[in-house]
Amino acid sequence: MASGFAALLDDIAGIAKIAAASLDDVGAAAGKAGAKAAGVVVDDTAVTPGYAMGFTPDRELPIVWKIAMGSLRNKFFFLLPGALLLSYFAPWAVTPILMLGGAYLCFEAAEKVIEAVLHGDDAADEPEELALSSKELEQRKVSGAIRTDLILSAEIMAISLGSVADQPFVVQAAALAAVGFAITVGVYGVVGFIVKMDDIGLHLAKGRLRSLRLAGRLLVRAMPAVMNGLTVIGTAAMLWVGGGIIVHGLEQYQLTPIPGLIHQLQHWAAAAPMLGSVAGWLAFAVASALVGFLIGGVIAGVLHLMPKKKAAA
């Protein structure tokens with residue numbers, strides 16, 4: 001009996017070691033995948049606060065919460081199963097799907113730039129938005145944010161999947177789930193903090209200490225510039241990420257003239273003294289953003305011309 005019990009304990013210890021090793025594998029894979037998707041995370045964090053702008057303070061966090069829940073649905077109900085199925089049955093489809101998603105990001109960003117140049121700060125959208133009730137406008141903003149998040153989350157999942165493609169299926173699934181949850185919590189935690197910074201500033205401005213009051217007033221005054229800066233960063237990041245995905249896709253299909261030119265520019269910039277890899281990364285990001293803007297601009301132009309042709313017909 002004693003020997004049987006000892007054997008059982010040995011088996012349990014062996015299973016525990018295997019489980020611990022698997023957890024280590026999942027943790028390492030998730031860390032590697034999360035690092036690869038960092039660029040899209042920056043994009044997501046910069047883009048989302050704009051969707052909560054223009055609402056009363058009591059609606060800001062509920063809007064962020066709705067978008068975060070929509071993001072988790074996107075990842076766990078659609079993208080995670082879809083990514084694993086693609087990886088198992090049709091790995092060849094991952095790259096073209098990524099490129100389509102990248103083209104959509106480029107289109108959205110290019111359209112924002114074109115609208116800002118031609119019409120100013122969303123002037124074309126103001127009459128339509130004023131005709132909506134606050135509830136309808138909130139629903140539209142949340143739906144738009146979740147739709148954009150679907151594309152960004154798809155990019156995160158696809159990039160993460162590519163980083164763990166050599167791992168067993170179970171490790172892939174666990175790593176993607178860990179990355180999806182951690183990124184969602186991190187991104188929308190930061191977004192919630194950003195959209196409430198003005199309220200934090202107002203609270204500090206009413207404090208007893210002069211230094212806190214000064215900090216609060218500065219924070220309140222800085223928020224419009226911060227939000228405008230995030231809009232610019234978000235648009236630039238959409239162009240950079242979308243263009244970069246398309247450049248990498250072209251490279252995988254051996255369509256190398258544009259990727260080759262960009263890599264030569266990156267290599268030349270990386271050779272600059274004192275700057276090194278930072279200059280190389282910046283050169284690649286700017287070149288990818290230019291490619292993204294050209295592609296997005298063409299798509300936006302075609303889509304805007306189609307209704308006019310139909311109306312003329």
# chains A, B, ... in the order shown; residues from 1 in each chain; ligands from 1
>>> residues_around(residues="Ala236 (chain A)", least_positions_apart="4", cutoff="10 Å", atoms="only C-alpha atoms", output="VMD selection string")
chain A and resid 43 46 to 47 106 109 to 110 113 230 to 232 240 to 242 285 to 286 289 to 290 292 to 293
>>> residues_around(residues="region 138-146 of chain A", least_positions_apart="4", cutoff="9 Å", atoms="only C-alpha atoms", output="number ranges by chain")
A: 47-48, 51-52, 55, 59, 63-64, 66-68, 70-71, 74, 133-134, 150-151
>>> write_last_selection(atoms="N, CA, C and O atoms", output="mmCIF file, in the first residue's frame")
data_model
loop_
_atom_site.group_PDB
_atom_site.id
_atom_site.type_symbol
_atom_site.label_atom_id
_atom_site.label_comp_id
_atom_site.auth_asym_id
_atom_site.auth_seq_id
_atom_site.Cartn_x
_atom_site.Cartn_y
_atom_site.Cartn_z
ATOM 1 N N VAL A 47 -5.439 55.153 -31.195
ATOM 2 C CA VAL A 47 -6.672 55.378 -31.962
ATOM 3 C C VAL A 47 -7.902 55.457 -31.063
ATOM 4 O O VAL A 47 -8.773 56.315 -31.236
ATOM 5 N N THR A 48 -8.003 54.586 -30.062
ATOM 6 C CA THR A 48 -9.248 54.396 -29.324
ATOM 7 C C THR A 48 -9.734 55.599 -28.530
ATOM 8 O O THR A 48 -10.947 55.840 -28.476
ATOM 9 N N TYR A 51 -12.594 57.876 -29.842
ATOM 10 C CA TYR A 51 -13.993 57.442 -29.901
ATOM 11 C C TYR A 51 -14.788 57.854 -28.661
ATOM 12 O O TYR A 51 -16.018 57.847 -28.696
ATOM 13 N N ALA A 52 -14.090 58.173 -27.570
ATOM 14 C CA ALA A 52 -14.778 58.591 -26.349
ATOM 15 C C ALA A 52 -14.823 60.102 -26.202
ATOM 16 O O ALA A 52 -15.346 60.615 -25.210
ATOM 17 N N PHE A 55 -18.231 63.354 -25.436
ATOM 18 C CA PHE A 55 -19.328 62.895 -24.582
ATOM 19 C C PHE A 55 -19.159 63.461 -23.172
ATOM 20 O O PHE A 55 -18.084 63.921 -22.787
ATOM 21 N N ARG A 59 -20.150 59.371 -19.314
ATOM 22 C CA ARG A 59 -20.278 58.356 -20.360
ATOM 23 C C ARG A 59 -18.929 57.871 -20.884
ATOM 24 O O ARG A 59 -18.881 56.913 -21.652
ATOM 25 N N ILE A 63 -18.226 53.985 -22.245
ATOM 26 C CA ILE A 63 -17.931 53.786 -23.663
ATOM 27 C C ILE A 63 -16.659 52.957 -23.828
ATOM 28 O O ILE A 63 -16.608 52.016 -24.632
ATOM 29 N N VAL A 64 -15.631 53.295 -23.042
ATOM 30 C CA VAL A 64 -14.388 52.518 -23.104
ATOM 31 C C VAL A 64 -14.658 51.066 -22.710
ATOM 32 O O VAL A 64 -14.118 50.133 -23.316
ATOM 33 N N LYS A 66 -17.503 49.371 -23.057
ATOM 34 C CA LYS A 66 -18.202 48.704 -24.163
ATOM 35 C C LYS A 66 -17.234 48.304 -25.270
ATOM 36 O O LYS A 66 -17.317 47.212 -25.836
ATOM 37 N N ILE A 67 -16.302 49.210 -25.582
ATOM 38 C CA ILE A 67 -15.334 48.901 -26.632
ATOM 39 C C ILE A 67 -14.418 47.761 -26.194
ATOM 40 O O ILE A 67 -14.092 46.866 -26.980
ATOM 41 N N ALA A 68 -14.010 47.772 -24.914
ATOM 42 C CA ALA A 68 -13.145 46.703 -24.400
ATOM 43 C C ALA A 68 -13.858 45.350 -24.456
ATOM 44 O O ALA A 68 -13.260 44.335 -24.839
ATOM 45 N N GLY A 70 -16.257 44.561 -26.507
ATOM 46 C CA GLY A 70 -16.322 44.211 -27.922
ATOM 47 C C GLY A 70 -14.987 43.673 -28.423
ATOM 48 O O GLY A 70 -14.942 42.744 -29.233
ATOM 49 N N SER A 71 -13.895 44.236 -27.913
ATOM 50 C CA SER A 71 -12.570 43.758 -28.289
ATOM 51 C C SER A 71 -12.340 42.326 -27.814
ATOM 52 O O SER A 71 -11.790 41.494 -28.558
ATOM 53 N N ASN A 74 -14.301 40.081 -30.039
ATOM 54 C CA ASN A 74 -13.587 39.927 -31.312
ATOM 55 C C ASN A 74 -12.491 38.873 -31.207
ATOM 56 O O ASN A 74 -12.359 38.002 -32.076
ATOM 57 N N SER A 133 -29.239 61.499 -31.878
ATOM 58 C CA SER A 133 -29.328 61.645 -30.424
ATOM 59 C C SER A 133 -28.018 61.192 -29.805
ATOM 60 O O SER A 133 -27.201 60.528 -30.445
ATOM 61 N N SER A 134 -27.807 61.560 -28.539
ATOM 62 C CA SER A 134 -26.556 61.186 -27.876
ATOM 63 C C SER A 134 -26.408 59.669 -27.797
ATOM 64 O O SER A 134 -25.306 59.131 -27.939
ATOM 65 N N LEU A 150 -11.505 45.203 -34.533
ATOM 66 C CA LEU A 150 -11.506 43.874 -35.153
ATOM 67 C C LEU A 150 -10.314 43.723 -36.096
ATOM 68 O O LEU A 150 -9.631 42.689 -36.094
ATOM 69 N N ILE A 151 -10.051 44.768 -36.887
ATOM 70 C CA ILE A 151 -8.924 44.714 -37.808
ATOM 71 C C ILE A 151 -7.610 44.697 -37.034
ATOM 72 O O ILE A 151 -6.722 43.871 -37.293
#
>>> atom_distance(atom1="CA of Tyr253 (chain A)", atom2="CA of Val179 (chain A)")
27.8 Å
>>> residues_around(residues="Ala215 (chain A)", least_positions_apart="6", cutoff="9 Å", atoms="only C-alpha atoms", output="count of residues only")
3
>>> atom_distance(atom1="CA of Thr235 (chain A)", atom2="CA of Glu108 (chain A)")
8.4 Å
>>> atom_distance(atom1="CA of Ile262 (chain A)", atom2="CA of Leu118 (chain A)")
29.5 Å
>>> residues_around(residues="Ile295 (chain A)", least_positions_apart="4", cutoff="12 Å", atoms="only C-alpha atoms", output="NGL selection string")
:A and (99-100 or 102-111 or 239-240 or 242-244 or 246-247 or 288-291 or 299-302)
>>> select_by_dssp(residues="region 119-263 of chain A", states="alpha helix (DSSP H)", output="MDAnalysis selection string")
chainID A and resid 119 126:130 134:163 169:195 197:205 210:252 257:263
>>> closest_residue(among="A:Ser277, A:His248, A:Val298, A:Phe76", to="Ala174 (chain A)", atoms="only C-alpha atoms")
A:Phe76
